[in-house]
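query-v1.cif (mmCIF, C-alpha atoms and all ligand atoms) appears below.
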data_protein
loop_
_atom_site.label_atom_id
_atom_site.label_comp_id
_atom_site.auth_asym_id
_atom_site.auth_seq_id
_atom_site.Cartn_x
_atom_site.Cartn_y
_atom_site.Cartn_z
CA MET D 363 11.96 25.22 -43.04
CA ILE D 364 12.10 23.00 -40.00
CA PRO D 365 9.31 23.72 -37.48
CA SER D 366 10.35 25.20 -34.16
CA VAL D 367 9.22 21.92 -32.56
CA LEU D 368 11.43 19.10 -33.84
CA PRO D 369 9.10 17.21 -36.19
CA THR D 370 9.45 13.67 -34.75
CA TYR D 371 5.66 13.29 -34.34
CA ASN D 372 2.81 13.14 -36.85
CA ARG D 373 0.35 15.08 -34.78
CA ALA D 374 -3.43 15.09 -35.20
CA PRO D 375 -4.87 18.56 -35.91
CA LEU D 376 -6.49 18.71 -32.47
CA THR D 377 -5.70 21.12 -29.65
CA PHE D 378 -7.14 20.64 -26.21
CA VAL D 379 -7.40 23.36 -23.63
CA LYS D 380 -9.12 21.55 -20.78
CA GLY D 381 -9.66 18.08 -19.36
CA GLU D 382 -12.43 16.71 -17.16
CA GLY D 383 -12.38 13.06 -16.13
CA ALA D 384 -12.58 11.02 -19.34
CA TRP D 385 -13.11 14.11 -21.52
CA LEU D 386 -10.80 16.46 -23.42
CA ILE D 387 -12.20 19.78 -24.57
CA GLU D 388 -11.14 22.03 -27.45
CA ALA D 389 -11.19 25.83 -27.33
CA ASP D 390 -14.44 25.89 -29.35
CA GLY D 391 -16.11 23.62 -26.78
CA ARG D 392 -15.97 20.34 -28.76
CA ARG D 393 -15.77 17.47 -26.22
CA PHE D 394 -13.80 14.33 -27.05
CA LEU D 395 -14.13 11.10 -25.12
CA ASP D 396 -10.54 10.18 -24.27
CA LEU D 397 -9.80 6.46 -24.60
CA GLY D 398 -6.07 7.16 -24.85
CA ALA D 399 -5.58 8.90 -21.51
CA GLY D 400 -2.30 10.42 -22.70
CA ILE D 401 -1.10 6.87 -23.52
CA ALA D 402 -2.16 5.25 -20.23
CA VAL D 403 -0.86 8.19 -18.19
CA ASN D 404 -4.00 9.91 -16.94
CA ALA D 405 -5.04 6.78 -15.05
CA LEU D 406 -7.38 8.71 -12.77
CA GLY D 407 -8.72 10.87 -15.60
CA HIS D 408 -8.09 14.54 -16.24
CA ALA D 409 -8.18 17.08 -13.42
CA HIS D 410 -8.83 14.59 -10.60
CA PRO D 411 -9.65 16.80 -7.58
CA ALA D 412 -7.41 14.85 -5.15
CA LEU D 413 -4.42 15.11 -7.53
CA ILE D 414 -4.98 18.83 -8.08
CA GLU D 415 -5.04 19.32 -4.35
CA ALA D 416 -1.89 17.25 -3.74
CA LEU D 417 0.03 19.09 -6.48
CA SER D 418 -1.17 22.57 -5.44
CA GLU D 419 -0.38 22.00 -1.80
CA GLN D 420 3.14 20.82 -2.64
CA ALA D 421 3.61 23.65 -5.16
CA HIS D 422 2.97 26.17 -2.41
CA ALA D 423 5.37 24.46 0.00
CA LEU D 424 8.45 23.32 -1.97
CA TRP D 425 9.19 22.31 -5.57
CA HIS D 426 12.67 20.89 -5.63
CA THR D 427 15.65 20.28 -3.43
CA SER D 428 17.61 17.52 -5.29
CA ASN D 429 18.61 14.12 -4.00
CA LEU D 430 21.42 15.64 -1.94
CA TYR D 431 18.84 15.85 0.85
CA ARG D 432 16.09 13.66 2.25
CA ILE D 433 12.72 14.04 0.50
CA PRO D 434 9.83 12.98 2.76
CA GLN D 435 7.33 12.66 -0.11
CA GLN D 436 9.77 10.34 -1.90
CA GLU D 437 10.27 8.19 1.19
CA ALA D 438 6.51 7.96 1.75
CA LEU D 439 5.87 6.91 -1.87
CA ALA D 440 8.69 4.34 -1.74
CA ASP D 441 7.21 2.94 1.49
CA ALA D 442 3.78 2.71 -0.16
CA LEU D 443 5.18 0.87 -3.21
CA VAL D 444 7.24 -1.52 -1.08
CA GLU D 445 4.17 -2.18 1.07
CA ALA D 446 1.99 -2.96 -1.97
CA THR D 447 4.43 -5.07 -4.04
CA PHE D 448 7.22 -7.68 -4.13
CA ALA D 449 9.80 -4.90 -3.94
CA ASP D 450 12.14 -4.05 -1.07
CA THR D 451 13.45 -0.81 -2.54
CA VAL D 452 12.58 1.87 -5.11
CA PHE D 453 14.48 4.41 -7.25
CA PHE D 454 12.45 7.26 -8.77
CA THR D 455 12.90 8.46 -12.34
CA ASN D 456 11.04 10.91 -14.59
CA SER D 457 9.99 8.50 -17.34
CA GLY D 458 9.74 4.90 -18.48
CA THR D 459 12.88 5.26 -20.56
CA GLU D 460 14.92 6.22 -17.53
CA SER D 461 13.45 3.28 -15.65
CA CYS D 462 14.69 1.01 -18.45
CA GLU D 463 18.17 2.50 -18.18
CA LEU D 464 18.38 1.72 -14.49
CA ALA D 465 16.81 -1.74 -14.79
CA VAL D 466 19.53 -2.76 -17.28
CA LYS D 467 22.31 -1.15 -15.24
CA MET D 468 21.06 -2.77 -12.05
CA ALA D 469 20.96 -6.27 -13.56
CA ARG D 470 24.47 -5.97 -14.98
CA LYS D 471 25.85 -4.48 -11.78
CA TYR D 472 24.37 -7.34 -9.78
CA TRP D 473 26.39 -9.91 -11.73
CA TYR D 474 29.49 -7.73 -11.70
CA GLU D 475 29.39 -7.66 -7.89
CA GLU D 476 28.75 -11.42 -7.89
CA GLY D 477 32.12 -11.85 -9.60
CA GLN D 478 30.57 -12.66 -13.00
CA ALA D 479 31.49 -9.51 -14.90
CA ASP D 480 30.88 -11.21 -18.27
CA ARG D 481 27.27 -12.06 -17.41
CA THR D 482 25.83 -9.07 -19.23
CA GLU D 483 23.38 -10.45 -21.79
CA ILE D 484 19.77 -9.20 -21.69
CA VAL D 485 17.14 -11.38 -23.38
CA ALA D 486 14.24 -9.35 -24.79
CA PHE D 487 11.32 -9.90 -27.19
CA SER D 488 10.13 -8.87 -30.63
CA GLY D 489 7.35 -6.31 -30.62
CA SER D 490 8.47 -4.92 -27.30
CA PHE D 491 8.86 -1.26 -26.41
CA HIS D 492 11.09 -0.02 -23.62
CA GLY D 493 11.64 3.64 -24.48
CA ARG D 494 13.77 5.70 -26.84
CA SER D 495 17.13 5.91 -25.11
CA SER D 496 20.12 3.94 -26.39
CA ALA D 497 19.35 1.09 -24.00
CA GLY D 498 15.62 1.29 -24.75
CA ILE D 499 15.99 0.99 -28.52
CA ALA D 500 18.65 -1.72 -28.19
CA ALA D 501 16.25 -3.64 -25.95
CA ALA D 502 13.40 -3.34 -28.45
CA GLY D 503 15.72 -4.09 -31.36
CA SER D 504 13.22 -3.35 -34.15
CA GLU D 505 14.48 -1.75 -37.34
CA LYS D 506 11.85 0.97 -36.97
CA MET D 507 13.40 2.16 -33.74
CA THR D 508 17.09 1.45 -34.26
CA LYS D 509 17.77 2.28 -37.93
CA GLY D 510 20.37 5.01 -38.26
CA PHE D 511 21.16 5.19 -34.57
CA GLY D 512 24.02 2.71 -34.45
CA PRO D 513 26.29 1.57 -33.05
CA LEU D 514 23.69 0.13 -30.70
CA LEU D 515 24.32 -0.72 -27.07
CA PRO D 516 25.56 -4.33 -27.22
CA GLY D 517 24.39 -7.31 -25.22
CA PHE D 518 20.73 -7.68 -26.23
CA THR D 519 19.22 -10.87 -27.67
CA HIS D 520 15.77 -10.75 -29.27
CA LEU D 521 13.36 -13.67 -29.30
CA GLU D 522 10.08 -14.07 -31.12
CA PHE D 523 7.12 -13.43 -28.83
CA GLY D 524 5.80 -16.83 -27.68
CA ASP D 525 8.70 -19.01 -28.89
CA HIS D 526 9.28 -21.15 -25.81
CA ASP D 527 12.01 -23.35 -27.28
CA ALA D 528 14.05 -20.36 -28.38
CA LEU D 529 13.65 -18.90 -24.90
CA LYS D 530 14.95 -22.06 -23.21
CA ALA D 531 17.96 -22.07 -25.52
CA ALA D 532 18.67 -18.36 -25.13
CA VAL D 533 18.73 -18.11 -21.34
CA THR D 534 22.19 -19.30 -20.31
CA ASP D 535 24.80 -18.64 -17.66
CA LYS D 536 25.68 -15.49 -19.61
CA THR D 537 22.17 -14.08 -19.25
CA ALA D 538 22.07 -11.22 -16.77
CA ALA D 539 18.33 -10.77 -17.11
CA VAL D 540 15.20 -11.46 -19.13
CA LEU D 541 13.23 -8.30 -19.91
CA ILE D 542 9.54 -8.51 -20.83
CA GLU D 543 6.28 -6.55 -20.77
CA PRO D 544 3.61 -8.75 -19.12
CA VAL D 545 1.19 -7.13 -21.59
CA GLN D 546 2.86 -5.65 -24.67
CA GLY D 547 1.52 -2.16 -25.25
CA GLU D 548 3.04 -0.52 -28.31
CA GLY D 549 3.47 -3.94 -29.89
CA GLY D 550 -0.30 -4.35 -30.16
CA ILE D 551 -1.83 -5.17 -26.75
CA ARG D 552 -0.44 -8.69 -26.59
CA PRO D 553 -0.81 -10.25 -23.12
CA VAL D 554 1.74 -12.87 -22.10
CA PRO D 555 -0.39 -15.79 -20.80
CA ASP D 556 -0.13 -16.36 -17.03
CA HIS D 557 1.35 -19.85 -17.47
CA CYS D 558 4.10 -18.37 -19.67
CA LEU D 559 4.98 -15.76 -17.03
CA LYS D 560 5.14 -18.60 -14.49
CA GLY D 561 7.34 -20.66 -16.82
CA LEU D 562 9.59 -17.67 -17.32
CA ARG D 563 9.94 -17.23 -13.56
CA GLU D 564 10.90 -20.91 -13.25
CA LEU D 565 13.42 -20.63 -16.06
CA CYS D 566 15.01 -17.60 -14.39
CA ASP D 567 15.12 -19.41 -11.05
CA GLU D 568 16.82 -22.41 -12.66
CA THR D 569 19.45 -20.36 -14.48
CA GLY D 570 19.82 -17.55 -11.95
CA ALA D 571 18.97 -14.89 -14.54
CA LEU D 572 17.14 -11.90 -13.09
CA LEU D 573 13.59 -11.28 -14.30
CA ILE D 574 12.71 -7.71 -15.27
CA PHE D 575 9.10 -6.76 -15.93
CA ASP D 576 8.38 -3.59 -17.86
CA GLU D 577 5.06 -2.52 -16.35
CA VAL D 578 5.35 1.07 -17.56
CA GLN D 579 2.10 0.72 -19.53
CA CYS D 580 0.33 -2.33 -18.04
CA GLY D 581 1.01 -1.45 -14.40
CA MET D 582 -0.66 0.95 -11.96
CA GLY D 583 -4.12 -0.57 -11.92
CA ARG D 584 -4.52 -0.85 -15.68
CA THR D 585 -5.38 -4.58 -15.70
CA GLY D 586 -7.47 -4.52 -12.52
CA ARG D 587 -4.57 -5.42 -10.25
CA LEU D 588 -2.02 -2.85 -9.11
CA PHE D 589 0.50 -4.64 -11.38
CA ALA D 590 -0.32 -6.98 -14.26
CA HIS D 591 2.03 -9.79 -13.16
CA GLU D 592 0.00 -10.27 -9.98
CA TRP D 593 -2.58 -12.20 -12.04
CA ALA D 594 0.07 -14.89 -12.65
CA GLY D 595 0.91 -15.21 -8.95
CA ILE D 596 4.63 -14.63 -9.51
CA ALA D 597 6.94 -11.66 -9.09
CA PRO D 598 9.93 -10.21 -10.96
CA ASP D 599 13.27 -9.24 -9.44
CA ILE D 600 13.19 -5.78 -10.99
CA MET D 601 10.22 -3.81 -12.33
CA MET D 602 10.00 -0.67 -14.44
CA VAL D 603 7.10 1.67 -13.72
CA ALA D 604 6.08 5.09 -15.12
CA LYS D 605 3.04 6.46 -17.03
CA GLY D 606 0.07 5.95 -14.63
CA ILE D 607 2.10 6.37 -11.46
CA GLY D 608 2.18 10.17 -11.84
CA GLY D 609 -1.39 10.49 -13.16
CA GLY D 610 -0.05 13.06 -15.67
CA PHE D 611 2.91 14.38 -13.73
CA PRO D 612 6.20 13.04 -15.21
CA LEU D 613 7.21 10.30 -12.78
CA GLY D 614 8.72 6.84 -13.07
CA ALA D 615 10.23 4.25 -10.78
CA VAL D 616 12.32 1.11 -10.64
CA LEU D 617 11.20 -1.38 -8.02
CA ALA D 618 13.55 -4.17 -6.97
CA SER D 619 14.18 -6.94 -4.52
CA GLU D 620 16.99 -6.38 -2.02
CA LYS D 621 19.05 -9.04 -3.81
CA ALA D 622 18.66 -7.58 -7.31
CA ALA D 623 19.44 -4.07 -6.02
CA SER D 624 22.48 -5.13 -4.03
CA GLY D 625 25.02 -3.68 -6.48
CA MET D 626 23.46 -0.21 -6.48
CA THR D 627 25.36 1.47 -3.68
CA ALA D 628 25.94 5.19 -3.07
CA GLY D 629 27.31 6.92 -6.14
CA THR D 630 26.40 4.19 -8.66
CA HIS D 631 23.30 5.94 -10.05
CA GLY D 632 21.46 9.22 -9.73
CA SER D 633 19.00 11.74 -11.12
CA THR D 634 18.66 15.46 -10.54
CA TYR D 635 14.87 15.52 -10.73
CA GLY D 636 14.02 11.89 -9.99
CA GLY D 637 11.70 11.59 -7.00
CA ASN D 638 11.29 15.32 -6.53
CA PRO D 639 8.66 16.58 -4.06
CA LEU D 640 6.09 17.60 -6.70
CA GLY D 641 6.11 14.27 -8.53
CA CYS D 642 6.13 12.20 -5.38
CA ALA D 643 3.32 14.19 -3.72
CA VAL D 644 1.17 13.40 -6.76
CA GLY D 645 2.37 9.78 -6.97
CA LEU D 646 1.53 9.24 -3.33
CA LYS D 647 -2.03 10.44 -3.93
CA VAL D 648 -2.34 8.18 -7.00
CA MET D 649 -1.26 5.21 -4.86
CA GLU D 650 -3.69 6.21 -2.12
CA VAL D 651 -6.61 6.30 -4.57
CA MET D 652 -5.65 3.05 -6.32
CA THR D 653 -5.08 1.04 -3.13
CA ALA D 654 -8.28 2.26 -1.46
CA PRO D 655 -10.70 -0.65 -0.87
CA GLY D 656 -12.82 -1.37 -3.93
CA PHE D 657 -10.94 0.74 -6.48
CA LEU D 658 -9.29 -2.11 -8.39
CA ASP D 659 -12.46 -4.24 -8.21
CA GLY D 660 -14.22 -1.31 -9.82
CA VAL D 661 -11.63 -1.28 -12.61
CA SER D 662 -12.25 -4.98 -13.26
CA ARG D 663 -16.01 -4.44 -13.30
CA ARG D 664 -15.78 -1.57 -15.75
CA ALA D 665 -13.29 -3.55 -17.83
CA ALA D 666 -15.63 -6.54 -18.08
CA HIS D 667 -18.43 -4.22 -19.15
CA LEU D 668 -16.30 -2.47 -21.79
CA ARG D 669 -14.99 -5.76 -23.11
CA GLN D 670 -18.47 -7.20 -23.49
CA ARG D 671 -19.63 -4.09 -25.35
CA LEU D 672 -16.56 -4.21 -27.60
CA GLU D 673 -17.26 -7.87 -28.47
CA GLY D 674 -20.66 -6.65 -29.64
CA LEU D 675 -19.03 -3.85 -31.66
CA VAL D 676 -16.70 -6.33 -33.39
CA ALA D 677 -19.68 -8.58 -34.21
CA GLU D 678 -21.53 -5.60 -35.71
CA HIS D 679 -18.56 -4.45 -37.80
CA PRO D 680 -16.77 -7.58 -39.04
CA GLU D 681 -15.48 -5.64 -42.06
CA VAL D 682 -13.58 -3.25 -39.74
CA PHE D 683 -12.64 -5.29 -36.63
CA THR D 684 -11.70 -8.94 -36.17
CA GLU D 685 -11.09 -9.35 -32.44
CA VAL D 686 -10.86 -7.75 -28.98
CA ARG D 687 -7.80 -8.60 -26.92
CA GLY D 688 -5.97 -7.38 -23.85
CA SER D 689 -6.46 -7.31 -20.12
CA GLY D 690 -8.54 -5.06 -17.88
CA LEU D 691 -8.75 -1.54 -19.28
CA MET D 692 -5.78 -2.18 -21.57
CA LEU D 693 -7.68 -3.35 -24.63
CA GLY D 694 -6.96 -3.63 -28.33
CA LEU D 695 -9.35 -3.83 -31.26
CA VAL D 696 -7.57 -5.89 -33.89
CA CYS D 697 -8.48 -4.21 -37.17
CA LYS D 698 -9.28 -5.55 -40.61
CA ALA D 699 -9.41 -1.97 -41.89
CA THR D 700 -6.31 0.16 -41.28
CA ASN D 701 -6.11 1.03 -37.57
CA THR D 702 -5.14 4.67 -38.19
CA ASP D 703 -8.14 5.11 -40.53
CA VAL D 704 -10.44 4.06 -37.70
CA MET D 705 -8.55 6.34 -35.31
CA LYS D 706 -9.00 9.31 -37.69
CA ALA D 707 -12.69 8.51 -38.22
CA GLY D 708 -12.86 8.58 -34.42
CA TYR D 709 -11.79 12.23 -34.46
CA GLU D 710 -14.94 13.02 -36.50
CA ALA D 711 -17.01 11.08 -33.95
CA GLU D 712 -15.17 12.92 -31.16
CA ILE D 713 -13.48 9.91 -29.62
CA LEU D 714 -9.73 9.46 -29.07
CA THR D 715 -7.87 6.15 -29.43
CA VAL D 716 -4.21 5.22 -29.93
CA PRO D 717 -2.79 3.04 -32.70
CA ALA D 718 -0.46 0.15 -31.82
CA GLY D 719 1.55 -2.49 -33.68
CA ASP D 720 -0.11 -5.47 -35.39
CA ASN D 721 -2.82 -3.14 -36.84
CA VAL D 722 -4.41 -2.73 -33.43
CA LEU D 723 -6.46 0.19 -32.18
CA ARG D 724 -5.55 0.70 -28.53
CA LEU D 725 -8.09 1.61 -25.85
CA LEU D 726 -6.58 2.83 -22.59
CA PRO D 727 -9.37 4.81 -20.94
CA PRO D 728 -8.97 6.48 -17.56
CA LEU D 729 -9.52 3.77 -14.94
CA THR D 730 -12.30 5.98 -13.58
CA ILE D 731 -14.40 5.93 -16.77
CA THR D 732 -18.10 5.46 -15.93
CA GLU D 733 -20.52 2.85 -17.33
CA GLU D 734 -22.42 5.63 -19.07
CA GLU D 735 -19.21 6.87 -20.68
CA ILE D 736 -18.39 3.32 -21.77
CA GLY D 737 -21.75 3.16 -23.53
CA GLU D 738 -21.08 6.52 -25.20
CA ALA D 739 -17.58 5.39 -26.20
CA VAL D 740 -18.84 2.23 -27.89
CA SER D 741 -21.51 4.14 -29.78
CA ARG D 742 -18.91 6.66 -31.02
CA LEU D 743 -16.56 3.82 -32.02
CA GLY D 744 -19.51 2.34 -33.92
CA ARG D 745 -19.94 5.61 -35.81
CA ALA D 746 -16.24 5.66 -36.63
CA ALA D 747 -16.40 2.05 -37.84
CA SER D 748 -19.42 2.77 -40.07
CA ALA D 749 -17.60 5.74 -41.58
CA VAL D 750 -14.55 3.60 -42.38
CA ALA D 751 -16.68 0.79 -43.85
CA ALA D 752 -18.65 3.21 -46.04
C1 LIG D 801 5.83 4.23 -22.73
C2 LIG D 801 6.65 3.05 -22.42
C3 LIG D 801 8.03 3.16 -22.11
C4 LIG D 801 8.75 4.48 -22.20
O1 LIG D 801 8.26 5.41 -21.30
P1 LIG D 801 8.56 6.98 -21.51
O2 LIG D 801 7.94 7.61 -20.31
O3 LIG D 801 7.94 7.38 -22.81
O4 LIG D 801 10.03 7.15 -21.51
C5 LIG D 801 8.71 2.02 -21.77
N1 LIG D 801 8.10 0.82 -21.71
C6 LIG D 801 6.79 0.68 -22.00
C7 LIG D 801 6.17 -0.68 -21.90
C8 LIG D 801 6.03 1.77 -22.38
O5 LIG D 801 4.74 1.62 -22.69
#
Could you write out this file's structure as structure tokens?
Ligand SMILES: *Cc1c(COP(=O)(O)O)cnc(C)c1O
Amino acid sequence: MIPSVLPTYNRAPLTFVKGEGAWLIEADGRRFLDLGAGIAVNALGHAHPALIEALSEQAHALWHTSNLYRIPQQEALADALVEATFADTVFFTNSGTESCELAVKMARKYWYEEGQADRTEIVAFSGSFHGRSSAGIAAAGSEKMTKGFGPLLPGFTHLEFGDHDALKAAVTDKTAAVLIEPVQGEGGIRPVPDHCLKGLRELCDETGALLIFDEVQCGMGRTGRLFAHEWAGIAPDIMMVAKGIGGGFPLGAVLASEKAASGMTAGTHGSTYGGNPLGCAVGLKVMEVMTAPGFLDGVSRRAAHLRQRLEGLVAEHPEVFTEVRGSGLMLGLVCKATNTDVMKAGYEAEILTVPAGDNVLRLLPPLTITEEEIGEAVSRLGRAASAVAA
């Protein structure tokens, strides 16, 4: 008999009833160190006092009105994002997938309004992940995600990650946009080198194609900058955001330049819930915490410490791990053993990690994880590695 919850997930036999910072706690009191953070969502850890306060205060005042009316919390969060980034304008969604939908629509609508209605092609990359909607799976293009769900949304070209010649050939005057994650998450924590992001920006400038960054996973402080592309000193035309921006409340956004957004006039897009007062009150507090002086420097410091400790772990367990890669607190342990075996051994050692493509074990701790917790995490990962090697 089919379970009452549609069985599209292979769930671990763990049930948490409470969260505290970097910790998740089971009903029997067992405490797990959470290096998954709800897949990079709980960026400020579990039960952050300032987020609880922002959500409770808004919950007492007003939950929802719809986008038929002005929403002050939404306007304030949009202002904060515009202030902190390349963007001139923001649309709020409830998830990364919805942000992908709008990013694709916005790019195509831009060219339509420019009088180039046939400029619809989106160039994307192997190993990418952009969500599970029809546009999201078409953008990713992998058999794993698309098989059985055809006919797929047309107009997507897929290039091998890192194939510069193919990229040059693929971006033409029919390319509406190039869509890329500055650091691939699901694909196995694969950062795009800064010089490649710069080259991509130049290629888009030469051809006119819009550049879309999917920063759903790598954005919101994860790499030690508010957005990962800032390290390369360039900016996209359109950017997808979600996950960390709500700190655990379902919230996403599309950020865009005035030019890229110019086709999106009244009536061309919408969302019942998108940008509702609850989500935006929380998002505003997340932004306030992350843009406070010193916060992102702290992330980089903790990231350097974790990375150094992980290099040591890899050296101690060469039969289990081969390499550490990633950026900031978005790190991957490339495994020699099977990544999910290490993840499961982690459950015994009471530490949570997330598997990713390329046999990588993903570490996405809350950005607020302490040095002491980092030490504890590495020792628990060591226990998991020893168990797998045994
Ligand atoms: C998680 C993710 C998405 C999809 O976000 P949802 O909130 O699950 O819809 C899209 N792109 C990237 C890079 C992601 O990591």
With only C-alpha atoms counted and 7 Å as the cut-off, give the residues of range 600-674 of chain D in contact with range 468-477 of chain D, each with its shortest interatomic distance in Å and the pair that gives it, as JSON lines.
{"residue": "D:Ala622", "atom": "CA", "partner": "D:Tyr472", "partner_atom": "CA", "distance": 6.2}
{"residue": "D:Ala623", "atom": "CA", "partner": "D:Met468", "partner_atom": "CA", "distance": 6.4}
{"residue": "D:Ser624", "atom": "CA", "partner": "D:Tyr472", "partner_atom": "CA", "distance": 6.4}
{"residue": "D:Gly625", "atom": "CA", "partner": "D:Tyr472", "partner_atom": "CA", "distance": 5.0}
{"residue": "D:Met626", "atom": "CA", "partner": "D:Met468", "partner_atom": "CA", "distance": 6.6}
I want to know what sits within 7 Å of range 449-454 of chain D, based on all atoms listed in the file, with residues of the same chain fewer than 5 positions away left out; could you give that as a PDB file with C-alpha atoms, in the coordinates of the input?
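And here is the file that came out, selection_12.pdb:
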ATOM      1  CA  ALA D 440       8.690   4.340  -1.740  1.00  0.00           C
ATOM      2  CA  VAL D 444       7.240  -1.520  -1.080  1.00  0.00           C
ATOM      3  CA  GLY D 614       8.720   6.840 -13.070  1.00  0.00           C
ATOM      4  CA  ALA D 615      10.230   4.250 -10.780  1.00  0.00           C
ATOM      5  CA  VAL D 616      12.320   1.110 -10.640  1.00  0.00           C
ATOM      6  CA  LEU D 617      11.200  -1.380  -8.020  1.00  0.00           C
ATOM      7  CA  ALA D 618      13.550  -4.170  -6.970  1.00  0.00           C
ATOM      8  CA  SER D 619      14.180  -6.940  -4.520  1.00  0.00           C
ATOM      9  CA  GLU D 620      16.990  -6.380  -2.020  1.00  0.00           C
ATOM     10  CA  GLY D 636      14.020  11.890  -9.990  1.00  0.00           C
ATOM     11  CA  GLY D 637      11.700  11.590  -7.000  1.00  0.00           C
TER      12      GLY D 637
END
Give the residue list for ligand LIG 801 (chain D) at 7 Å, counting all atoms listed in the file, as a list in words, sorted by chain and then by residue number. Ser457, Gly458, Thr459, Glu460, Cys462, Phe491, His492, Gly493, Arg494, Glu543, Gln546, Gly547, Glu548, Asp576, Glu577, Val578, Gln579, Ala604 and Lys605 of chain D
Residues within 9 Å of Thr427 in chain D, please, as JSON, numbers by chain. Count all atoms listed in the file; anything in the same chain fewer than 3 positions from it doesn't count. {"D": [424, 430, 431, 432, 433, 635, 638, 639]}
Would you mind exporting the chosen residues as a PDB file, keeping the file's coordinate frame, restricted to C-alpha atoms?
ATOM      1  CA  LEU D 424       8.450  23.320  -1.970  1.00  0.00           C
ATOM      2  CA  LEU D 430      21.420  15.640  -1.940  1.00  0.00           C
ATOM      3  CA  TYR D 431      18.840  15.850   0.850  1.00  0.00           C
ATOM      4  CA  ARG D 432      16.090  13.660   2.250  1.00  0.00           C
ATOM      5  CA  ILE D 433      12.720  14.040   0.500  1.00  0.00           C
ATOM      6  CA  TYR D 635      14.870  15.520 -10.730  1.00  0.00           C
ATOM      7  CA  ASN D 638      11.290  15.320  -6.530  1.00  0.00           C
ATOM      8  CA  PRO D 639       8.660  16.580  -4.060  1.00  0.00           C
TER       9      PRO D 639
END
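The residue that comes closest to Leu743 in chain D, out of D:Phe487, D:Phe394, D:Phe523, D:Trp593 and on the basis of all atoms listed in the file, is D:Phe394.
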Please write out, as AutoDock Vina command-line options, where the centre of an axis-aligned box around all listed atoms of range 516-530 of chain D lies and how long its edges are, in Å to one decimal, after adding 4 Å on each side.
--center_x 15.7 --center_y -13.8 --center_z -27.2 --size_x 27.8 --size_y 27.0 --size_z 15.9
One decimal, in Å: what's the spacing between CA of Leu588 in chain D and CA of Met652 in chain D? 7.5 Å
Expressed in Å to a single decimal, how great is the separation between CA of Gly595 in chain D and CA of Ala446 in chain D? 14.1 Å
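Between Val740 in chain D and the residues D:Arg671, D:Lys380, D:His408, D:His679, the shortest atom-to-atom distance, using all atoms listed in the file, involves D:Arg671.
Separating CA of Glu463 in chain D from CA of Glu437 in chain D is a distance of 21.7 Å.
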May I have the residues within 7 Å of Val379 in chain D as a PDB file with C-alpha atoms, keeping the file's coordinate frame, using only C-alpha atoms and disregarding those fewer than 4 positions away in the same chain?
ATOM      1  CA  ILE D 387     -12.200  19.780 -24.570  1.00  0.00           C
ATOM      2  CA  GLU D 388     -11.140  22.030 -27.450  1.00  0.00           C
ATOM      3  CA  ALA D 389     -11.190  25.830 -27.330  1.00  0.00           C
TER       4      ALA D 389
END
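Comparing the minimum interatomic distances between Ala528 in chain D and each of D:Lys698, D:Val485, D:Gly503, D:Val651, counting all atoms listed in the file, we find that D:Val485 sits nearest.
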Of D:Lys560, D:Lys621, D:Arg393, D:His526, the one sitting nearest Thr377 in chain D when using only C-alpha atoms is D:Arg393
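Closest to Lys536 in chain D among D:Pro680, D:Gly517, D:Pro434, D:Pro717 is D:Gly517, based on only C-alpha atoms.
Taking all atoms listed in the file into account, Glu681 in chain D lies nearest to D:Ala749 out of the set D:Ile414, D:Ala590, D:Ala666, D:Ala749.
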Mind checking which residues fall within 8 Å of Ala571 in chain D, counting only C-alpha atoms, ignoring those fewer than 5 positions away in the same chain, and posting them as a PyMOL selection string? chain D and resi 533-535+537-540+566
